[in-house]
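File shown: query_15.txt (compact mmCIF, C-alpha atoms and all ligand atoms).
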```txt
# COMPACT_ATOMS: atom_id res chain seq x y z
CA MET G 1 -22.68 237.58 -83.78
CA ILE G 2 -23.43 240.82 -81.96
CA ILE G 3 -22.86 241.60 -78.28
CA ASP G 4 -25.10 244.13 -76.54
CA SER G 5 -22.58 245.53 -74.07
CA HIS G 6 -25.13 247.34 -71.92
CA CYS G 7 -28.79 246.45 -71.42
CA HIS G 8 -31.02 246.67 -68.32
CA LEU G 9 -32.91 243.49 -69.09
CA ASP G 10 -33.55 242.97 -65.38
CA PHE G 11 -35.82 246.06 -65.20
CA THR G 12 -39.53 245.50 -64.60
CA ASP G 13 -40.18 246.91 -68.12
CA PHE G 14 -39.17 243.45 -69.39
CA GLU G 15 -41.02 241.41 -66.76
CA PRO G 16 -44.07 240.61 -68.92
CA ASP G 17 -42.21 239.45 -72.05
CA ARG G 18 -38.53 238.80 -71.34
CA ASP G 19 -38.73 235.47 -73.22
CA SER G 20 -40.01 237.09 -76.43
CA VAL G 21 -37.51 239.94 -76.14
CA LEU G 22 -34.70 237.39 -76.01
CA THR G 23 -36.17 235.36 -78.86
CA ARG G 24 -36.22 238.51 -81.02
CA ALA G 25 -32.66 239.30 -79.92
CA LYS G 26 -31.48 235.83 -80.95
CA ALA G 27 -33.23 236.16 -84.32
CA ALA G 28 -31.45 239.50 -84.85
CA GLY G 29 -28.06 237.86 -84.20
CA ILE G 30 -27.43 239.07 -80.65
CA ASP G 31 -25.96 236.21 -78.73
CA LYS G 32 -24.52 237.84 -75.63
CA ILE G 33 -25.90 240.65 -73.45
CA ILE G 34 -24.25 242.34 -70.45
CA ILE G 35 -26.65 243.37 -67.66
CA PRO G 36 -25.33 246.15 -65.37
CA GLY G 37 -26.63 246.50 -61.81
CA VAL G 38 -27.92 249.86 -60.59
CA MET G 39 -28.54 249.40 -56.84
CA GLN G 40 -28.14 246.72 -54.22
CA SER G 41 -31.74 245.54 -54.39
CA SER G 42 -31.37 244.92 -58.16
CA TRP G 43 -28.56 242.38 -57.86
CA ILE G 44 -30.66 239.37 -56.95
CA ASN G 45 -32.92 239.80 -59.99
CA ILE G 46 -29.91 240.14 -62.29
CA LYS G 47 -28.51 236.94 -60.86
CA THR G 48 -31.82 235.16 -61.46
CA CYS G 49 -32.06 236.45 -65.06
CA CYS G 50 -28.51 235.33 -65.81
CA ASN G 51 -29.18 231.90 -64.30
CA ASN G 52 -32.28 231.54 -66.45
CA TYR G 53 -30.68 232.55 -69.75
CA SER G 54 -27.15 231.48 -70.68
CA GLN G 55 -26.63 234.42 -73.07
CA LEU G 56 -26.89 236.98 -70.23
CA TYR G 57 -23.86 238.09 -68.20
CA PRO G 58 -24.07 239.93 -64.87
CA SER G 59 -22.33 243.07 -63.64
CA TYR G 60 -23.01 244.48 -60.17
CA GLY G 61 -22.80 248.04 -58.97
CA LEU G 62 -24.38 251.26 -57.67
CA HIS G 63 -25.59 253.76 -60.29
CA PRO G 64 -25.34 257.54 -59.59
CA TYR G 65 -29.05 258.12 -60.47
CA PHE G 66 -30.02 256.17 -57.38
CA ILE G 67 -27.64 257.97 -55.05
CA ASP G 68 -30.39 258.45 -52.44
CA LYS G 69 -30.94 254.71 -52.26
CA HIS G 70 -27.28 253.79 -51.64
CA LYS G 71 -25.78 253.41 -48.16
CA PRO G 72 -22.06 253.12 -47.42
CA ASP G 73 -22.82 249.53 -46.26
CA ASP G 74 -23.78 248.68 -49.85
CA LEU G 75 -20.09 248.86 -50.76
CA GLN G 76 -19.28 246.16 -48.23
CA ALA G 77 -22.31 244.22 -49.48
CA LEU G 78 -20.95 244.54 -53.04
CA LYS G 79 -17.62 243.03 -52.04
CA LYS G 80 -19.35 240.19 -50.23
CA TRP G 81 -21.64 239.62 -53.23
CA LEU G 82 -18.64 239.45 -55.57
CA THR G 83 -16.93 236.82 -53.45
CA GLU G 84 -20.07 234.68 -53.60
CA ASN G 85 -21.34 235.33 -57.14
CA LYS G 86 -19.75 235.33 -60.55
CA ALA G 87 -19.62 238.71 -62.34
CA VAL G 88 -18.07 239.97 -65.57
CA ALA G 89 -17.74 243.59 -64.36
CA ILE G 90 -18.41 246.21 -61.68
CA GLY G 91 -21.10 248.77 -62.44
CA GLU G 92 -22.97 250.60 -63.58
CA CYS G 93 -21.17 253.23 -61.54
CA GLY G 94 -20.20 256.78 -62.45
CA LEU G 95 -20.84 260.49 -62.25
CA ASP G 96 -23.87 262.35 -63.54
CA TYR G 97 -23.49 266.15 -63.37
CA TYR G 98 -26.34 266.73 -65.81
CA LEU G 99 -29.01 266.10 -63.21
CA LYS G 100 -28.48 268.90 -60.73
CA ASP G 101 -30.20 267.31 -57.74
CA LEU G 102 -27.74 264.41 -57.47
CA HIS G 103 -25.31 265.22 -54.66
CA LYS G 104 -21.88 265.56 -56.32
CA LYS G 105 -19.63 264.68 -53.38
CA SER G 106 -21.59 261.59 -52.56
CA GLN G 107 -21.59 260.48 -56.22
CA GLN G 108 -17.81 260.85 -56.24
CA PHE G 109 -17.56 258.76 -53.07
CA TYR G 110 -19.51 255.79 -54.45
CA PHE G 111 -17.82 256.06 -57.84
CA THR G 112 -14.23 256.01 -56.64
CA GLU G 113 -14.99 253.32 -54.05
CA GLN G 114 -16.33 251.11 -56.85
CA LEU G 115 -13.26 251.77 -58.98
CA ASP G 116 -11.15 250.53 -56.08
CA ILE G 117 -13.34 247.44 -55.72
CA ALA G 118 -12.86 246.75 -59.44
CA ILE G 119 -9.11 246.81 -58.96
CA GLU G 120 -9.33 244.62 -55.88
CA PHE G 121 -11.46 242.02 -57.71
CA LYS G 122 -9.53 242.39 -61.00
CA LEU G 123 -12.75 243.17 -62.89
CA PRO G 124 -13.47 245.81 -65.55
CA VAL G 125 -15.78 248.75 -64.71
CA ILE G 126 -18.87 249.95 -66.56
CA ILE G 127 -18.95 253.73 -66.24
CA HIS G 128 -21.84 256.15 -66.66
CA ALA G 129 -20.44 259.63 -67.42
CA ARG G 130 -22.71 262.57 -68.16
CA LYS G 131 -21.20 266.08 -68.19
CA SER G 132 -18.46 264.54 -66.05
CA THR G 133 -15.96 263.06 -68.49
CA GLU G 134 -13.03 265.14 -67.20
CA ASP G 135 -13.54 263.94 -63.61
CA VAL G 136 -13.92 260.36 -64.85
CA ILE G 137 -10.63 260.61 -66.77
CA ASN G 138 -8.87 261.95 -63.66
CA ALA G 139 -10.23 259.15 -61.47
CA ILE G 140 -9.06 256.53 -63.98
CA LYS G 141 -5.62 258.15 -64.26
CA LEU G 142 -5.14 257.74 -60.50
CA ARG G 143 -5.69 253.98 -60.87
CA PRO G 144 -3.18 252.47 -63.27
CA GLY G 145 -4.22 249.06 -64.55
CA LEU G 146 -7.96 249.76 -64.19
CA ARG G 147 -9.87 248.46 -67.23
CA GLY G 148 -13.38 249.18 -68.42
CA MET G 149 -15.83 250.91 -70.71
CA ILE G 150 -17.64 254.24 -70.80
CA HIS G 151 -21.23 253.39 -71.66
CA SER G 152 -23.17 255.59 -74.11
CA TYR G 153 -20.16 257.82 -74.52
CA SER G 154 -21.07 261.51 -74.88
CA GLY G 155 -17.79 263.35 -74.27
CA SER G 156 -15.58 265.07 -76.82
CA TYR G 157 -13.24 263.51 -79.39
CA GLU G 158 -10.20 264.72 -77.42
CA GLN G 159 -11.49 263.12 -74.22
CA ALA G 160 -12.21 259.90 -76.13
CA VAL G 161 -8.59 259.77 -77.27
CA LYS G 162 -7.43 260.19 -73.65
CA LEU G 163 -9.70 257.38 -72.48
CA ILE G 164 -8.46 255.08 -75.23
CA GLU G 165 -4.88 255.86 -74.22
CA LEU G 166 -5.84 254.79 -70.70
CA GLY G 167 -6.97 251.45 -72.14
CA PHE G 168 -10.73 252.09 -71.96
CA TYR G 169 -13.36 251.06 -74.49
CA LEU G 170 -16.06 253.52 -75.56
CA SER G 171 -19.56 252.21 -76.09
CA PHE G 172 -22.21 253.74 -78.36
CA GLY G 173 -25.94 253.14 -78.66
CA GLY G 174 -29.20 254.68 -79.90
CA PRO G 175 -27.98 258.32 -79.98
CA ILE G 176 -25.66 257.59 -82.96
CA THR G 177 -28.66 256.55 -85.09
CA TYR G 178 -29.99 260.15 -85.18
CA ASP G 179 -28.95 262.31 -88.14
CA ASN G 180 -28.91 265.38 -85.90
CA SER G 181 -26.34 263.86 -83.47
CA THR G 182 -23.71 265.58 -85.59
CA ARG G 183 -20.93 265.95 -83.03
CA LEU G 184 -21.35 262.46 -81.59
CA ARG G 185 -21.45 260.84 -85.05
CA LYS G 186 -18.31 262.72 -86.04
CA THR G 187 -16.60 261.41 -82.90
CA VAL G 188 -17.61 257.81 -83.67
CA ALA G 189 -16.36 258.15 -87.25
CA SER G 190 -12.94 259.39 -86.04
CA LEU G 191 -12.26 256.69 -83.44
CA PRO G 192 -10.58 253.33 -84.15
CA LEU G 193 -13.06 250.41 -84.21
CA GLU G 194 -10.63 248.40 -82.07
CA ASN G 195 -11.66 250.54 -79.08
CA LEU G 196 -15.42 250.62 -79.61
CA LEU G 197 -18.40 248.68 -78.30
CA ILE G 198 -22.10 248.82 -79.15
CA GLU G 199 -25.06 248.74 -76.76
CA THR G 200 -28.77 249.47 -76.44
CA ASP G 201 -29.05 250.66 -72.80
CA ALA G 202 -32.57 249.22 -73.18
CA PRO G 203 -35.24 250.02 -72.10
CA ASP G 204 -33.76 253.56 -72.45
CA GLN G 205 -32.11 255.40 -75.36
CA PRO G 206 -34.34 254.33 -78.29
CA VAL G 207 -32.99 254.12 -81.83
CA ALA G 208 -34.21 256.64 -84.43
CA SER G 209 -36.42 254.10 -86.22
CA ALA G 210 -38.32 253.18 -83.03
CA VAL G 211 -38.44 256.40 -81.00
CA GLN G 212 -41.87 255.72 -79.51
CA LYS G 213 -41.12 252.14 -78.54
CA ARG G 214 -39.52 250.60 -75.50
CA ASN G 215 -35.93 249.91 -76.56
CA GLU G 216 -34.76 246.28 -76.66
CA PRO G 217 -31.63 244.35 -77.68
CA ALA G 218 -32.89 243.49 -81.22
CA PHE G 219 -32.71 247.20 -82.10
CA ILE G 220 -28.92 247.13 -81.70
CA VAL G 221 -28.80 246.21 -85.39
CA ASP G 222 -29.63 249.87 -86.13
CA VAL G 223 -26.68 250.96 -83.97
CA ALA G 224 -24.36 248.55 -85.81
CA ASN G 225 -25.65 249.84 -89.15
CA ALA G 226 -25.09 253.46 -88.13
CA MET G 227 -21.55 252.68 -87.01
CA ALA G 228 -20.89 250.77 -90.27
CA GLU G 229 -22.04 253.76 -92.29
CA LEU G 230 -19.86 256.15 -90.27
CA HIS G 231 -16.82 253.92 -90.81
CA ASN G 232 -17.55 253.17 -94.47
CA THR G 233 -17.68 249.48 -93.78
CA ASP G 234 -20.30 246.72 -93.58
CA VAL G 235 -22.35 245.69 -90.58
CA LYS G 236 -20.64 242.27 -90.39
CA THR G 237 -17.30 243.97 -89.76
CA ILE G 238 -18.81 246.11 -87.00
CA ALA G 239 -20.40 243.04 -85.40
CA ARG G 240 -17.15 241.07 -85.59
CA ILE G 241 -14.89 243.78 -84.18
CA THR G 242 -17.18 245.09 -81.43
CA SER G 243 -17.96 241.52 -80.31
CA ALA G 244 -14.26 240.66 -80.15
CA ASN G 245 -13.72 243.83 -78.09
CA ALA G 246 -16.50 242.90 -75.65
CA MET G 247 -15.21 239.31 -75.37
CA GLN G 248 -11.79 240.68 -74.54
CA LEU G 249 -12.99 243.29 -72.01
CA PHE G 250 -15.41 241.02 -70.14
CA GLN G 251 -13.27 237.90 -70.59
CA LEU G 252 -16.17 236.00 -72.18
CA THR G 253 -15.68 232.62 -73.80
ZN ZN H 1 -27.34 251.93 -68.08
```
Just give me the structure of the file as structure tokens.
Ligand SMILES: [Zn+2]
Amino acid sequence: MIIDSHCHLDFTDFEPDRDSVLTRAKAAGIDKIIIPGVMQSSWINIKTCCNNYSQLYPSYGLHPYFIDKHKPDDLQALKKWLTENKAVAIGECGLDYYLKDLHKKSQQFYFTEQLDIAIEFKLPVIIHARKSTEDVINAIKLRPGLRGMIHSYSGSYEQAVKLIELGFYLSFGGPITYDNSTRLRKTVASLPLENLLIETDAPDQPVASAVQKRNEPAFIVDVANAMAELHNTDVKTIARITSANAMQLFQLT
């Protein structure tokens, strides 16, 4: 059993063939997939997808990429949505300082508000952190008891250790399948498996063996293989441990 801890299966990229994508995922051994929400208008489609397929689990949030689409009212709407709909997490929320045109202050506003909502609803958070890991660590530190994962982790080894100490899981995907991701692969190899998750972030972040293709959950096997190699273990062990971690974090049964 493998859990894809982060996949945007609700995106229109999967509209024409979602059934076949999920059939291929099942055949590859993926039996649970977490779908993170990116903006208010995406939530309804995530809910529909999760109602249609029992192996999909919904998370709802406001992603920093779409900062121009969010309104402060969306935070109230998120709380209302969470009282009416089942969710396994809050997110995808976070801070992206790599893209310079995303207004920093307003990203910080939506991010910290969503962290507070996660605490209020006793749910874990799914965090997007690009060139912002230090600010993410500081925001988590201010909120004892907050649980969650950093998706497609790209910070340093030292920052990873801090996040693990704060009780967070670190998730890795396609980027670890590239031989030239030297620093990232070294980080993965040095971290305890008990704190790691695997993901595809499909349709984004393709694996090395399928660079030209739309990414999809079945390709997570490459991620599991890369992690197995980096930890000198077999893929079954990676699948078992990362699935147990995801079950624990998202309280799946
Ligand atoms: Zn994502």
Q: Compute the set of protein, DNA and RNA residues whose minimum atom distance to ligand ZN 1 (chain H) is at most 12 Å, using all atoms listed in the file, and state it as a VMD selection string.
A: chain G and resid 4 to 11 34 to 39 59 to 66 91 to 94 96 126 to 130 149 to 153 171 to 173 199 to 205
**Q.** G:Lys69, G:Phe109, G:Leu184, G:Gly148 ranked by distance to Leu123 (chain G), top pick (using only C-alpha atoms)
**A.**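 When distances to Leu123 (chain G) are compared using only C-alpha atoms, the smallest one comes from G:Gly148.
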Q. What lies within 12 Å of region 14-21 of chain G using all atoms listed in the file, ignoring chain neighbours under 6 positions off, as JSON, numbers by chain?
A. {"G": [7, 8, 27, 28, 30, 33, 45, 49, 50, 52, 53, 56, 202, 203, 204, 214, 215, 216, 217, 218, 219]}
Q) Using all atoms listed in the file, which of G:Ala224, G:Ala246, G:Ala208, G:Leu230 sits nearest Lys32 (chain G)? A)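 Using all atoms listed in the file, the shortest distance to Lys32 (chain G) belongs to G:Ala246.
CA of Asn195 (chain G) is found 9.9 Å from CA of Glu165 (chain G).
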Q: State, in Å with one decimal place, the distance from CA of Val207 (chain G) to CA of Phe250 (chain G).
A: 24.8 Å
